[in-house]
Each structure stands twice: as structure tokens, then as C-alpha cells.
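So this one's work12.cif, mmCIF, C-alpha atoms and all ligand atoms:
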data_target
#
loop_
_atom_site.group_PDB
_atom_site.id
_atom_site.type_symbol
_atom_site.label_atom_id
_atom_site.label_comp_id
_atom_site.auth_asym_id
_atom_site.auth_seq_id
_atom_site.Cartn_x
_atom_site.Cartn_y
_atom_site.Cartn_z
ATOM 1 C CA MET G 15 -7.571 -11.194 -20.247
ATOM 2 C CA ARG G 16 -4.870 -10.700 -17.659
ATOM 3 C CA LEU G 17 -6.821 -11.976 -14.625
ATOM 4 C CA LYS G 18 -9.065 -14.580 -16.228
ATOM 5 C CA ASP G 19 -10.989 -16.594 -13.595
ATOM 6 C CA LYS G 20 -9.023 -15.063 -10.714
ATOM 7 C CA LEU G 21 -10.745 -14.370 -7.395
ATOM 8 C CA ALA G 22 -9.949 -10.904 -6.062
ATOM 9 C CA VAL G 23 -10.714 -8.945 -2.901
ATOM 10 C CA ILE G 24 -10.107 -5.191 -2.685
ATOM 11 C CA THR G 25 -10.580 -3.164 0.491
ATOM 12 C CA ALA G 26 -11.623 0.481 0.094
ATOM 13 C CA GLY G 27 -12.784 -0.565 -3.357
ATOM 14 C CA ALA G 28 -15.761 1.797 -3.465
ATOM 15 C CA SER G 29 -13.904 5.015 -4.326
ATOM 16 C CA GLY G 30 -10.771 6.457 -5.867
ATOM 17 C CA MET G 31 -7.973 4.042 -6.734
ATOM 18 C CA GLY G 32 -9.776 1.036 -5.238
ATOM 19 C CA ARG G 33 -12.812 1.708 -7.407
ATOM 20 C CA ALA G 34 -10.621 2.089 -10.503
ATOM 21 C CA ALA G 35 -8.925 -1.226 -9.695
ATOM 22 C CA SER G 36 -12.209 -3.022 -9.006
ATOM 23 C CA LEU G 37 -13.483 -2.016 -12.450
ATOM 24 C CA ARG G 38 -10.168 -2.859 -14.134
ATOM 25 C CA PHE G 39 -9.667 -6.226 -12.424
ATOM 26 C CA ALA G 40 -13.217 -7.251 -13.395
ATOM 27 C CA LYS G 41 -12.653 -6.150 -16.999
ATOM 28 C CA GLU G 42 -9.566 -8.378 -17.038
ATOM 29 C CA GLY G 43 -11.648 -11.399 -16.000
ATOM 30 C CA ALA G 44 -11.493 -11.485 -12.186
ATOM 31 C CA ALA G 45 -14.483 -11.888 -9.879
ATOM 32 C CA VAL G 46 -14.184 -9.012 -7.398
ATOM 33 C CA ALA G 47 -15.314 -8.648 -3.782
ATOM 34 C CA ILE G 48 -15.426 -4.963 -2.823
ATOM 35 C CA VAL G 49 -14.978 -4.459 0.930
ATOM 36 C CA ASP G 50 -15.766 -0.944 2.125
ATOM 37 C CA ILE G 51 -17.432 0.942 4.973
ATOM 38 C CA ASN G 52 -19.570 2.791 2.412
ATOM 39 C CA GLU G 53 -21.951 0.027 1.410
ATOM 40 C CA THR G 54 -23.996 2.156 -0.986
ATOM 41 C CA ALA G 55 -20.939 3.213 -2.977
ATOM 42 C CA ALA G 56 -19.552 -0.353 -2.951
ATOM 43 C CA ILE G 57 -22.845 -1.714 -4.297
ATOM 44 C CA GLU G 58 -22.783 0.940 -7.030
ATOM 45 C CA VAL G 59 -19.315 -0.195 -8.152
ATOM 46 C CA ALA G 60 -20.427 -3.854 -8.075
ATOM 47 C CA ASN G 61 -23.508 -2.972 -10.141
ATOM 48 C CA GLU G 62 -21.375 -1.089 -12.657
ATOM 49 C CA ILE G 63 -19.183 -4.177 -13.039
ATOM 50 C CA LYS G 64 -22.167 -6.484 -13.422
ATOM 51 C CA ALA G 65 -23.787 -4.174 -15.988
ATOM 52 C CA ALA G 66 -20.594 -4.489 -18.051
ATOM 53 C CA GLY G 67 -20.814 -8.306 -17.894
ATOM 54 C CA GLY G 68 -18.381 -8.859 -15.001
ATOM 55 C CA ALA G 69 -18.742 -10.537 -11.607
ATOM 56 C CA ALA G 70 -18.653 -8.534 -8.359
ATOM 57 C CA PHE G 71 -20.330 -8.029 -5.013
ATOM 58 C CA ALA G 72 -20.033 -5.652 -2.079
ATOM 59 C CA ILE G 73 -19.326 -6.368 1.579
ATOM 60 C CA ARG G 74 -19.780 -3.645 4.186
ATOM 61 C CA ALA G 75 -17.039 -3.528 6.821
ATOM 62 C CA ASP G 76 -15.497 -0.952 9.127
ATOM 63 C CA LEU G 77 -11.854 -1.979 8.992
ATOM 64 C CA THR G 78 -10.983 -0.069 12.160
ATOM 65 C CA ASN G 79 -12.848 -2.926 13.832
ATOM 66 C CA ALA G 80 -10.701 -6.056 14.260
ATOM 67 C CA GLN G 81 -13.601 -8.491 14.052
ATOM 68 C CA GLU G 82 -14.891 -6.907 10.877
ATOM 69 C CA CYS G 83 -11.403 -7.099 9.340
ATOM 70 C CA ARG G 84 -11.341 -10.843 9.772
ATOM 71 C CA GLY G 85 -15.038 -11.439 9.160
ATOM 72 C CA SER G 86 -15.219 -9.485 5.900
ATOM 73 C CA ILE G 87 -12.295 -11.336 4.328
ATOM 74 C CA ALA G 88 -13.648 -14.715 5.444
ATOM 75 C CA GLU G 89 -17.037 -13.800 3.970
ATOM 76 C CA ALA G 90 -15.436 -12.637 0.718
ATOM 77 C CA ALA G 91 -13.500 -15.917 0.437
ATOM 78 C CA GLN G 92 -16.587 -17.952 1.095
ATOM 79 C CA ARG G 93 -18.702 -16.113 -1.479
ATOM 80 C CA LEU G 94 -15.951 -16.045 -4.128
ATOM 81 C CA GLY G 95 -14.951 -19.665 -3.547
ATOM 82 C CA GLY G 96 -11.387 -18.706 -2.520
ATOM 83 C CA ILE G 97 -8.915 -15.842 -2.930
ATOM 84 C CA ASP G 98 -6.094 -15.462 -5.484
ATOM 85 C CA ILE G 99 -5.538 -11.714 -5.192
ATOM 86 C CA PHE G 100 -5.898 -9.518 -2.113
ATOM 87 C CA TRP G 101 -5.357 -5.769 -2.155
ATOM 88 C CA ALA G 102 -5.370 -4.223 1.339
ATOM 89 C CA HIS G 103 -5.932 -0.664 0.186
ATOM 90 C CA ALA G 104 -7.845 1.016 3.047
ATOM 91 C CA GLY G 105 -6.165 3.928 4.813
ATOM 92 C CA VAL G 106 -6.829 7.388 6.174
ATOM 93 C CA PRO G 107 -4.838 10.659 6.450
ATOM 94 C CA GLY G 108 -5.709 10.921 10.161
ATOM 95 C CA THR G 109 -4.702 13.680 12.541
ATOM 96 C CA ASP G 110 -1.604 15.827 12.052
ATOM 97 C CA VAL G 111 -1.274 16.558 15.793
ATOM 98 C CA VAL G 112 1.976 15.525 17.498
ATOM 99 C CA GLU G 113 2.023 17.390 20.813
ATOM 100 C CA ASP G 114 -0.728 16.322 23.222
ATOM 101 C CA ILE G 115 -2.327 14.075 20.606
ATOM 102 C CA ASP G 116 -5.660 12.618 21.652
ATOM 103 C CA LEU G 117 -4.977 8.886 21.990
ATOM 104 C CA ALA G 118 -8.279 8.052 20.316
ATOM 105 C CA ASP G 119 -7.057 9.872 17.188
ATOM 106 C CA TYR G 120 -3.790 7.931 17.329
ATOM 107 C CA GLU G 121 -5.621 4.604 17.664
ATOM 108 C CA PHE G 122 -8.050 5.443 14.873
ATOM 109 C CA ALA G 123 -5.352 6.224 12.310
ATOM 110 C CA MET G 124 -3.104 3.328 13.252
ATOM 111 C CA SER G 125 -5.988 0.859 13.395
ATOM 112 C CA LEU G 126 -6.907 1.548 9.777
ATOM 113 C CA ASN G 127 -3.465 2.277 8.334
ATOM 114 C CA VAL G 128 -1.566 -0.573 9.992
ATOM 115 C CA ARG G 129 -3.680 -2.994 12.026
ATOM 116 C CA SER G 130 -6.295 -3.499 9.313
ATOM 117 C CA CYS G 131 -3.523 -4.521 6.887
ATOM 118 C CA TYR G 132 -2.073 -6.957 9.399
ATOM 119 C CA LEU G 133 -5.419 -8.563 10.197
ATOM 120 C CA THR G 134 -6.923 -8.686 6.712
ATOM 121 C CA VAL G 135 -3.752 -10.076 5.127
ATOM 122 C CA GLY G 136 -3.513 -12.579 7.990
ATOM 123 C CA GLU G 137 -6.972 -13.787 7.054
ATOM 124 C CA ALA G 138 -6.525 -13.631 3.266
ATOM 125 C CA VAL G 139 -3.359 -15.755 3.166
ATOM 126 C CA LYS G 140 -5.273 -18.691 4.672
ATOM 127 C CA TYR G 141 -7.358 -18.823 1.488
ATOM 128 C CA ILE G 142 -4.600 -17.866 -0.960
ATOM 129 C CA ARG G 143 -2.536 -20.770 0.387
ATOM 130 C CA LYS G 144 -5.348 -23.193 -0.433
ATOM 131 C CA ARG G 145 -5.227 -22.010 -4.071
ATOM 132 C CA GLY G 146 -1.498 -22.829 -4.259
ATOM 133 C CA GLY G 147 -0.315 -19.218 -4.053
ATOM 134 C CA GLY G 148 -1.293 -15.764 -5.252
ATOM 135 C CA SER G 149 -0.696 -12.049 -4.921
ATOM 136 C CA VAL G 150 -1.082 -9.759 -1.911
ATOM 137 C CA ILE G 151 -0.829 -6.019 -2.519
ATOM 138 C CA LEU G 152 -0.608 -3.377 0.189
ATOM 139 C CA THR G 153 -0.978 0.399 -0.133
ATOM 140 C CA ALA G 154 1.535 2.678 1.523
ATOM 141 C CA SER G 155 2.375 6.124 0.141
ATOM 142 C CA ILE G 156 5.304 8.332 -0.771
ATOM 143 C CA SER G 157 5.026 9.078 2.974
ATOM 144 C CA GLY G 158 6.080 5.439 3.505
ATOM 145 C CA ILE G 159 9.354 6.185 1.664
ATOM 146 C CA VAL G 160 10.173 9.731 2.774
ATOM 147 C CA GLY G 161 8.991 11.708 5.802
ATOM 148 C CA SER G 162 6.032 14.090 5.769
ATOM 149 C CA GLN G 163 5.957 17.258 7.816
ATOM 150 C CA LEU G 164 2.208 17.562 7.176
ATOM 151 C CA SER G 165 1.353 13.987 8.225
ATOM 152 C CA PRO G 166 3.837 12.453 10.715
ATOM 153 C CA LEU G 167 1.434 9.852 12.117
ATOM 154 C CA TYR G 168 0.277 8.852 8.643
ATOM 155 C CA SER G 169 3.898 8.567 7.566
ATOM 156 C CA ALA G 170 4.759 6.380 10.576
ATOM 157 C CA GLY G 171 1.895 4.051 9.671
ATOM 158 C CA LYS G 172 2.840 3.854 6.009
ATOM 159 C CA PHE G 173 6.510 3.104 6.832
ATOM 160 C CA ALA G 174 5.105 0.259 8.938
ATOM 161 C CA VAL G 175 3.134 -1.011 5.944
ATOM 162 C CA VAL G 176 6.307 -1.070 3.832
ATOM 163 C CA GLY G 177 8.052 -3.057 6.581
ATOM 164 C CA LEU G 178 5.097 -5.392 6.779
ATOM 165 C CA CYS G 179 5.270 -6.009 3.035
ATOM 166 C CA LYS G 180 8.942 -6.924 3.137
ATOM 167 C CA SER G 181 8.513 -9.188 6.165
ATOM 168 C CA LEU G 182 5.459 -10.965 4.772
ATOM 169 C CA SER G 183 7.175 -11.520 1.433
ATOM 170 C CA LEU G 184 9.895 -13.419 3.316
ATOM 171 C CA ARG G 185 7.381 -15.333 5.418
ATOM 172 C CA TYR G 186 5.105 -16.398 2.566
ATOM 173 C CA GLY G 187 7.454 -16.601 -0.440
ATOM 174 C CA PRO G 188 8.012 -20.338 0.004
ATOM 175 C CA GLU G 189 4.250 -20.806 -0.396
ATOM 176 C CA GLN G 190 4.248 -18.850 -3.673
ATOM 177 C CA ILE G 191 2.365 -15.983 -2.054
ATOM 178 C CA ARG G 192 3.871 -12.736 -3.325
ATOM 179 C CA VAL G 193 3.534 -9.564 -1.249
ATOM 180 C CA ASN G 194 4.228 -6.119 -2.704
ATOM 181 C CA VAL G 195 3.315 -2.570 -1.745
ATOM 182 C CA ILE G 196 2.302 0.374 -3.911
ATOM 183 C CA CYS G 197 3.444 3.821 -2.768
ATOM 184 C CA PRO G 198 1.224 6.347 -4.512
ATOM 185 C CA GLY G 199 2.082 10.001 -4.734
ATOM 186 C CA LEU G 200 -0.617 12.683 -4.742
ATOM 187 C CA THR G 201 -3.588 11.060 -6.448
ATOM 188 C CA ASP G 202 -6.762 12.718 -7.634
ATOM 189 C CA THR G 203 -9.340 11.095 -5.331
ATOM 190 C CA PRO G 204 -11.714 12.451 -2.665
ATOM 191 C CA MET G 205 -8.959 11.808 -0.084
ATOM 192 C CA LEU G 206 -6.393 14.147 -1.628
ATOM 193 C CA PRO G 207 -7.465 17.468 -0.018
ATOM 194 C CA GLY G 208 -7.253 15.769 3.397
ATOM 195 C CA PHE G 209 -3.467 15.670 3.057
ATOM 196 C CA MET G 210 -3.088 19.359 2.207
ATOM 197 C CA GLY G 211 -3.142 20.799 5.741
ATOM 198 C CA ARG G 212 -5.818 19.854 8.255
ATOM 199 C CA GLY G 213 -8.226 22.693 8.895
ATOM 200 C CA ALA G 214 -7.025 24.532 5.792
ATOM 201 C CA THR G 215 -9.535 26.407 3.651
ATOM 202 C CA ALA G 216 -10.137 25.098 0.125
ATOM 203 C CA GLU G 217 -7.961 27.909 -1.247
ATOM 204 C CA GLN G 218 -5.112 27.153 1.186
ATOM 205 C CA ALA G 219 -5.301 23.434 0.343
ATOM 206 C CA ALA G 220 -5.213 24.244 -3.380
ATOM 207 C CA GLU G 221 -2.186 26.486 -2.832
ATOM 208 C CA THR G 222 -0.353 23.746 -0.882
ATOM 209 C CA GLN G 223 -1.214 21.212 -3.580
ATOM 210 C CA LYS G 224 0.171 23.554 -6.252
ATOM 211 C CA LYS G 225 3.445 23.734 -4.319
ATOM 212 C CA PHE G 226 3.657 19.938 -4.109
ATOM 213 C CA VAL G 227 2.861 19.505 -7.796
ATOM 214 C CA GLY G 228 5.771 21.857 -8.464
ATOM 215 C CA MET G 229 8.019 19.218 -6.848
ATOM 216 C CA ILE G 230 6.765 16.356 -9.075
ATOM 217 C CA PRO G 231 9.002 15.739 -12.105
ATOM 218 C CA LEU G 232 6.026 14.631 -14.234
ATOM 219 C CA ALA G 233 4.282 17.862 -13.140
ATOM 220 C CA ARG G 234 0.823 16.444 -12.369
ATOM 221 C CA VAL G 235 -0.995 14.447 -9.714
ATOM 222 C CA ALA G 236 -1.733 10.766 -10.431
ATOM 223 C CA LYS G 237 -5.020 9.579 -11.841
ATOM 224 C CA PRO G 238 -6.646 6.699 -9.903
ATOM 225 C CA GLU G 239 -6.087 4.595 -13.036
ATOM 226 C CA ASP G 240 -2.306 5.113 -12.780
ATOM 227 C CA ILE G 241 -2.397 3.281 -9.463
ATOM 228 C CA ALA G 242 -4.960 0.698 -10.631
ATOM 229 C CA ASN G 243 -2.692 -0.200 -13.579
ATOM 230 C CA THR G 244 0.180 -0.869 -11.178
ATOM 231 C CA ALA G 245 -2.086 -2.990 -8.989
ATOM 232 C CA LEU G 246 -3.165 -4.937 -12.080
ATOM 233 C CA PHE G 247 0.457 -5.663 -12.948
ATOM 234 C CA LEU G 248 1.185 -6.825 -9.384
ATOM 235 C CA ALA G 249 -1.997 -8.932 -9.330
ATOM 236 C CA SER G 250 -1.237 -10.643 -12.640
ATOM 237 C CA ASP G 251 1.283 -13.324 -13.540
ATOM 238 C CA GLU G 252 3.292 -10.659 -15.401
ATOM 239 C CA SER G 253 4.882 -9.903 -12.019
ATOM 240 C CA ALA G 254 5.364 -13.590 -11.147
ATOM 241 C CA TYR G 255 8.987 -13.080 -9.995
ATOM 242 C CA ILE G 256 8.406 -9.857 -8.064
ATOM 243 C CA THR G 257 7.888 -9.962 -4.311
ATOM 244 C CA GLY G 258 8.841 -7.791 -1.349
ATOM 245 C CA VAL G 259 9.098 -4.550 -3.294
ATOM 246 C CA ALA G 260 7.733 -1.077 -2.596
ATOM 247 C CA ILE G 261 6.841 0.565 -5.906
ATOM 248 C CA PRO G 262 6.548 4.358 -5.959
ATOM 249 C CA VAL G 263 3.859 5.503 -8.404
ATOM 250 C CA ASP G 264 4.579 9.151 -7.829
ATOM 251 C CA GLY G 265 5.605 10.873 -11.045
ATOM 252 C CA GLY G 266 9.202 10.835 -9.818
ATOM 253 C CA PHE G 267 8.565 12.680 -6.518
ATOM 254 C CA THR G 268 10.802 10.381 -4.451
ATOM 255 C CA ALA G 269 13.556 10.134 -7.079
ATOM 256 C CA LYS G 270 15.452 13.070 -5.554
HETATM 257 N N1 LIG G 301 -5.212 10.037 -2.586
HETATM 258 C C1 LIG G 301 -3.909 10.183 -2.353
HETATM 259 O O1 LIG G 301 -3.302 11.205 -2.694
HETATM 260 C C2 LIG G 301 -3.136 9.058 -1.693
HETATM 261 C C3 LIG G 301 -1.740 9.096 -1.743
HETATM 262 C C4 LIG G 301 -1.003 8.047 -1.185
HETATM 263 C C5 LIG G 301 -1.660 6.983 -0.588
HETATM 264 N N2 LIG G 301 -3.024 6.966 -0.540
HETATM 265 C C6 LIG G 301 -3.655 5.795 0.078
HETATM 266 O O2 LIG G 301 -4.600 5.222 -0.799
HETATM 267 C C7 LIG G 301 -5.631 4.571 -0.051
HETATM 268 C C8 LIG G 301 -7.034 5.019 -0.445
HETATM 269 O O3 LIG G 301 -6.995 6.216 -0.971
HETATM 270 P P1 LIG G 301 -7.950 6.829 -2.102
HETATM 271 O O4 LIG G 301 -7.248 8.074 -2.441
HETATM 272 O O5 LIG G 301 -8.287 5.844 -3.165
HETATM 273 O O6 LIG G 301 -9.212 7.204 -1.203
HETATM 274 P P2 LIG G 301 -10.752 7.501 -1.415
HETATM 275 O O7 LIG G 301 -11.083 8.572 -0.454
HETATM 276 O O8 LIG G 301 -11.102 7.708 -2.859
HETATM 277 O O9 LIG G 301 -11.414 6.120 -0.953
HETATM 278 C C9 LIG G 301 -11.266 5.637 0.341
HETATM 279 C C10 LIG G 301 -12.264 4.506 0.547
HETATM 280 O O10 LIG G 301 -12.013 3.947 1.829
HETATM 281 C C11 LIG G 301 -13.246 3.675 2.439
HETATM 282 N N3 LIG G 301 -13.067 3.640 3.904
HETATM 283 C C12 LIG G 301 -12.829 4.699 4.711
HETATM 284 N N4 LIG G 301 -12.763 4.292 5.992
HETATM 285 C C13 LIG G 301 -12.963 2.941 6.000
HETATM 286 C C14 LIG G 301 -13.040 1.963 7.015
HETATM 287 N N5 LIG G 301 -12.907 2.289 8.310
HETATM 288 N N6 LIG G 301 -13.276 0.683 6.667
HETATM 289 C C15 LIG G 301 -13.441 0.349 5.364
HETATM 290 N N7 LIG G 301 -13.391 1.232 4.341
HETATM 291 C C16 LIG G 301 -13.150 2.529 4.661
HETATM 292 C C17 LIG G 301 -14.144 4.821 1.995
HETATM 293 O O11 LIG G 301 -15.525 4.521 2.163
HETATM 294 C C18 LIG G 301 -13.725 4.986 0.537
HETATM 295 O O12 LIG G 301 -14.504 4.169 -0.322
HETATM 296 C C19 LIG G 301 -5.297 4.839 1.401
HETATM 297 O O13 LIG G 301 -4.588 3.738 1.917
HETATM 298 C C20 LIG G 301 -4.420 6.065 1.338
HETATM 299 O O14 LIG G 301 -3.590 6.177 2.457
HETATM 300 C C21 LIG G 301 -3.769 7.978 -1.056
#

Encoding of this model in C-alpha cells:
Amino acid sequence: MRLKDKLAVITAGASGMGRAASLRFAKEGAAVAIVDINETAAIEVANEIKAAGGAAFAIRADLTNAQECRGSIAEAAQRLGGIDIFWAHAGVPGTDVVEDIDLADYEFAMSLNVRSCYLTVGEAVKYIRKRGGGSVILTASISGIVGSQLSPLYSAGKFAVVGLCKSLSLRYGPEQIRVNVICPGLTDTPMLPGFMGRGATAEQAAETQKKFVGMIPLARVAKPEDIANTALFLASDESAYITGVAIPVDGGFTAK
């Protein structure tokens, strides 16, 4: 088992890539705290893990709320008995408006995409330090590596997450706390259509997605498991000498 007896916390662990990673981490021997705004779905994932003989529980939190960011991680640490692995995975496509953007829309997207990472990692490292080190994983996007005409605000937030990763890896390296960031390309989760043109019809979104897939060297979107496997590698000791890196998991999209 690659994560035997490790204590892991995953935000947005109730769906998509976070769900895939919660199941995978548990299968590899970790106890998993699933932090998500959708409590019902998070409990379902925890129950699935327990039914397979693993250890997991759900914590409901709205990570656009600063207090809940800190409180949920503190609660997870208390119930797990510490933290070895923390994946700050929550994020949202948000608005695509630039001109005359409603400030509430700006705050909403940035509070989840950037501030929640800052606050939850700031809480998690307190507990990881007590365990003598561990692994922090962040989630950016290909839009954190190259610009996105469809999602400029999202892209700005994800570039910030990549910068945060690099800075935190410098800050916490001496304490053996590694910090890396995964940059997924288009991934087959409920969130995917949200990137394909806000207000687009299903057919228009499918057409846009087809165009994007045409630009991916491996000629397909990612499966949630493709991202979960990368997270597993970064969580495990197999990546013991890797910190401060942004790993594209994008079928080659950003290679050009
Ligand atoms: N799907 C893609 O194509 C893609 C590509 C690149 C990056 N990403 C990033 O991956 C992450 C998650 O994406 P996914 O595709 O697995 O999504 P998903 O839609 O499958 O799951 C998102 C989860 O986040 C939870 N959530 C939403 N708002 C929340 C909040 N305020 N507080 C706590 N939890 C909240 C939802 O309940 C859900 O369980 C995001 O950071 C996203 O930016 C996604």
C-alpha cells in the first residue's frame, strides 16, 4: 500500500477528481477526510470507502467562507489525529465577464479559487508540521500555465495558485513539507461543461469541447482517475524529492 496509515484531507472530495482520489487514497491505506459543500455526496463517498474496508468521514464546509476554511481543516485534523497529506482541490469556473464585472462575482470566484487555498493550506501545515513533514497538493489548471480567452478570471486565479505553490514550497521545504500543484486539462467531471462558454447551449458546449479536444495531442479529455493517480504519486513517498512543481496532466495540451 502506497499510503499505509497516512492521514489525508481532500477538499472538493465528493465529486469528480476529488472523489476519485478519495477512493484511491483510501484503497492505498490512508484515512481520508472529505471536505465538501455537498454533504450528502461527501457522505456517500465516505460510505463507499467504508464499505470497501477503508476509513473515511465527511465534513461539510463552504470554502468561500473564511471561517469554514479554517474550521473544517482543524476539525479534520482533530478527527483524523493529525494530517500527513492535504489536497486543496476546490475551485470553480466562475464568471467569464471582464467589462463591468459584478464585484460579487469576482469575489466569489477568487474566494474559492485562491483564498480558500491560502487559508486551508495555512491551517493544514500547522498539523503536518507536528507529524514531521508531509505533502500538500494544490489544483490549478492548464489555465494556470497558459491564458484562457473563455475564462480570464479563472485563469488569473489559477496562475495565482501556481505562484502560491512555488512560494510555499520555499517557505516550508526546510520543515519537510512538500508543496506541488496539479494542472489538469479538460477532465470528464460535472464541472467540464461550465468551461465551454457560459450561457452556451448543450450543443454549443459540445461543439466547443470538440474543438478543444482537437488541440490535445492525446486526443481525449482526462478521466478523473488520471488526475487522482498524479495526486497519489505526489501524496506518496515516491515523490519524496519533488517540491515546488506544477505538473500538467493535460494530454500534452500545453506542450506547444
Ligand atoms: N473538470 C475540469 O475540466 C477541470 C480542469 C482543470 C482544473 N479543474 C479544477 O479541478 C477542481 C475540481 O474540479 P472537478 O472537475 O473535480 O469538479 P466537480 O464538479 O466534479 O467537483 C467539484 C466539487 O467541489 C465542491 N464544491 C463546490 N463549491 C464548493 C465550496 N464553496 N466549498 C466546498 N466545496 C465546494 C462540489 O460540491 C463538488 O463536490 C477545481 O479546482 C477546478 O478548477 C477542473

Please write as a compact mmCIF listing (two decimals) with C-alpha atoms, in the frame of the given file the full residue list that the PyMOL selection byres (((chain G and resi 221-232) around 6) and not hetatm) yields on this file.
# COMPACT_ATOMS: atom_id res chain seq x y z
CA GLN G 218 -5.11 27.15 1.19
CA ALA G 219 -5.30 23.43 0.34
CA ALA G 220 -5.21 24.24 -3.38
CA ALA G 233 4.28 17.86 -13.14
CA ARG G 234 0.82 16.44 -12.37
CA GLY G 265 5.60 10.87 -11.04
CA GLY G 266 9.20 10.84 -9.82
CA PHE G 267 8.56 12.68 -6.52

Minimum-distance residue to ligand LIG 301 (chain G), chosen among G:Val259, G:Ile87, G:Ala174, G:Ala102 (using all atoms listed in the file): G:Ala102

Residue neighbourhood Ala66 (chain G), 12 Å, only C-alpha atoms, exclusion window fewer than 6 positions, as JSON, numbers by chain: {"G": [37, 38, 40, 41, 42, 43, 59, 60]}

With 6 Å of padding per side, what axis-aligned box (centre and edge lengths, Å, one decimal) covers all the listed atoms of region 96-101 of chain G? Give it as AutoDock Vina command-line options.
--center_x -8.4 --center_y -12.2 --center_z -3.8 --size_x 18.0 --size_y 24.9 --size_z 15.4

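For the pair CA of Leu77 (chain G) and CA of Arg143 (chain G), the separation is 22.7 Å.
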
Residue neighbourhood Ala123 (chain G), 10 Å, all atoms listed in the file, exclusion window fewer than 2 positions, as number ranges by chain: G: 78, 105-109, 118-121, 125-129, 167-168, 171

Residues in the PyMOL selection byres (((chain G and resi 17-27) around 6) and not hetatm), expressed as a PyMOL selection string: chain G and resi 15-16+28-29+32-33+42-50+97-104

File dump, residues just selected, C-alpha atoms, as a PDB file, keeping the file's coordinate frame:
ATOM      1  CA  MET G  15      -7.571 -11.194 -20.247  1.00  0.00           C
ATOM      2  CA  ARG G  16      -4.870 -10.700 -17.659  1.00  0.00           C
ATOM      3  CA  ALA G  28     -15.761   1.797  -3.465  1.00  0.00           C
ATOM      4  CA  SER G  29     -13.904   5.015  -4.326  1.00  0.00           C
ATOM      5  CA  GLY G  32      -9.776   1.036  -5.238  1.00  0.00           C
ATOM      6  CA  ARG G  33     -12.812   1.708  -7.407  1.00  0.00           C
ATOM      7  CA  GLU G  42      -9.566  -8.378 -17.038  1.00  0.00           C
ATOM      8  CA  GLY G  43     -11.648 -11.399 -16.000  1.00  0.00           C
ATOM      9  CA  ALA G  44     -11.493 -11.485 -12.186  1.00  0.00           C
ATOM     10  CA  ALA G  45     -14.483 -11.888  -9.879  1.00  0.00           C
ATOM     11  CA  VAL G  46     -14.184  -9.012  -7.398  1.00  0.00           C
ATOM     12  CA  ALA G  47     -15.314  -8.648  -3.782  1.00  0.00           C
ATOM     13  CA  ILE G  48     -15.426  -4.963  -2.823  1.00  0.00           C
ATOM     14  CA  VAL G  49     -14.978  -4.459   0.930  1.00  0.00           C
ATOM     15  CA  ASP G  50     -15.766  -0.944   2.125  1.00  0.00           C
ATOM     16  CA  ILE G  97      -8.915 -15.842  -2.930  1.00  0.00           C
ATOM     17  CA  ASP G  98      -6.094 -15.462  -5.484  1.00  0.00           C
ATOM     18  CA  ILE G  99      -5.538 -11.714  -5.192  1.00  0.00           C
ATOM     19  CA  PHE G 100      -5.898  -9.518  -2.113  1.00  0.00           C
ATOM     20  CA  TRP G 101      -5.357  -5.769  -2.155  1.00  0.00           C
ATOM     21  CA  ALA G 102      -5.370  -4.223   1.339  1.00  0.00           C
ATOM     22  CA  HIS G 103      -5.932  -0.664   0.186  1.00  0.00           C
ATOM     23  CA  ALA G 104      -7.845   1.016   3.047  1.00  0.00           C
TER      24      ALA G 104
END

Given only C-alpha atoms as the counted atoms, nearest of G:Pro198, G:Pro238, G:Pro166, G:Gly208 to Val111 (chain G):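 Among G:Pro198, G:Pro238, G:Pro166, G:Gly208, it is G:Pro166 that comes nearest to Val111 (chain G).
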
CA of Asp76 (chain G) to CA of Ser165 (chain G), distance in Å rounded to a single decimal: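 Straight-line distance from CA of Asp76 (chain G) to CA of Ser165 (chain G) works out to 22.5 Å.
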
Starting from the incomplete input, reconstruct all heavy atoms of region 110-114 of chain G and report them as an mmCIF file, in the frame of the given file.
data_model
loop_
_atom_site.group_PDB
_atom_site.id
_atom_site.type_symbol
_atom_site.label_atom_id
_atom_site.label_comp_id
_atom_site.auth_asym_id
_atom_site.auth_seq_id
_atom_site.Cartn_x
_atom_site.Cartn_y
_atom_site.Cartn_z
ATOM 1 N N ASP G 110 -2.995 15.381 12.235
ATOM 2 C CA ASP G 110 -1.604 15.827 12.052
ATOM 3 C C ASP G 110 -0.979 16.249 13.386
ATOM 4 O O ASP G 110 0.158 16.705 13.422
ATOM 5 C CB ASP G 110 -1.525 16.985 11.049
ATOM 6 C CG ASP G 110 -2.206 18.253 11.552
ATOM 7 O OD1 ASP G 110 -2.974 18.179 12.547
ATOM 8 O OD2 ASP G 110 -1.977 19.317 10.960
ATOM 9 N N VAL G 111 -1.747 16.095 14.487
ATOM 10 C CA VAL G 111 -1.274 16.558 15.793
ATOM 11 C C VAL G 111 -0.135 15.664 16.298
ATOM 12 O O VAL G 111 -0.196 14.435 16.156
ATOM 13 C CB VAL G 111 -2.437 16.549 16.821
ATOM 14 C CG1 VAL G 111 -1.927 16.844 18.232
ATOM 15 C CG2 VAL G 111 -3.510 17.550 16.404
ATOM 16 N N VAL G 112 0.892 16.278 16.851
ATOM 17 C CA VAL G 112 1.976 15.525 17.498
ATOM 18 C C VAL G 112 1.916 15.771 19.008
ATOM 19 O O VAL G 112 1.755 14.842 19.799
ATOM 20 C CB VAL G 112 3.354 15.931 16.938
ATOM 21 C CG1 VAL G 112 4.470 15.192 17.678
ATOM 22 C CG2 VAL G 112 3.421 15.658 15.438
ATOM 23 N N GLU G 113 2.010 17.052 19.383
ATOM 24 C CA GLU G 113 2.023 17.390 20.813
ATOM 25 C C GLU G 113 0.626 17.227 21.399
ATOM 26 O O GLU G 113 -0.357 17.696 20.826
ATOM 27 C CB GLU G 113 2.501 18.840 20.978
ATOM 28 C CG GLU G 113 3.945 19.007 20.514
ATOM 29 C CD GLU G 113 4.246 20.407 20.021
ATOM 30 O OE1 GLU G 113 3.870 21.371 20.705
ATOM 31 O OE2 GLU G 113 4.853 20.516 18.942
ATOM 32 N N ASP G 114 0.544 16.534 22.522
ATOM 33 C CA ASP G 114 -0.728 16.322 23.222
ATOM 34 C C ASP G 114 -1.788 15.659 22.334
ATOM 35 O O ASP G 114 -2.980 15.962 22.436
ATOM 36 C CB ASP G 114 -1.284 17.649 23.771
ATOM 37 C CG ASP G 114 -0.291 18.322 24.709
ATOM 38 O OD1 ASP G 114 0.320 17.607 25.524
ATOM 39 O OD2 ASP G 114 -0.107 19.550 24.594
#
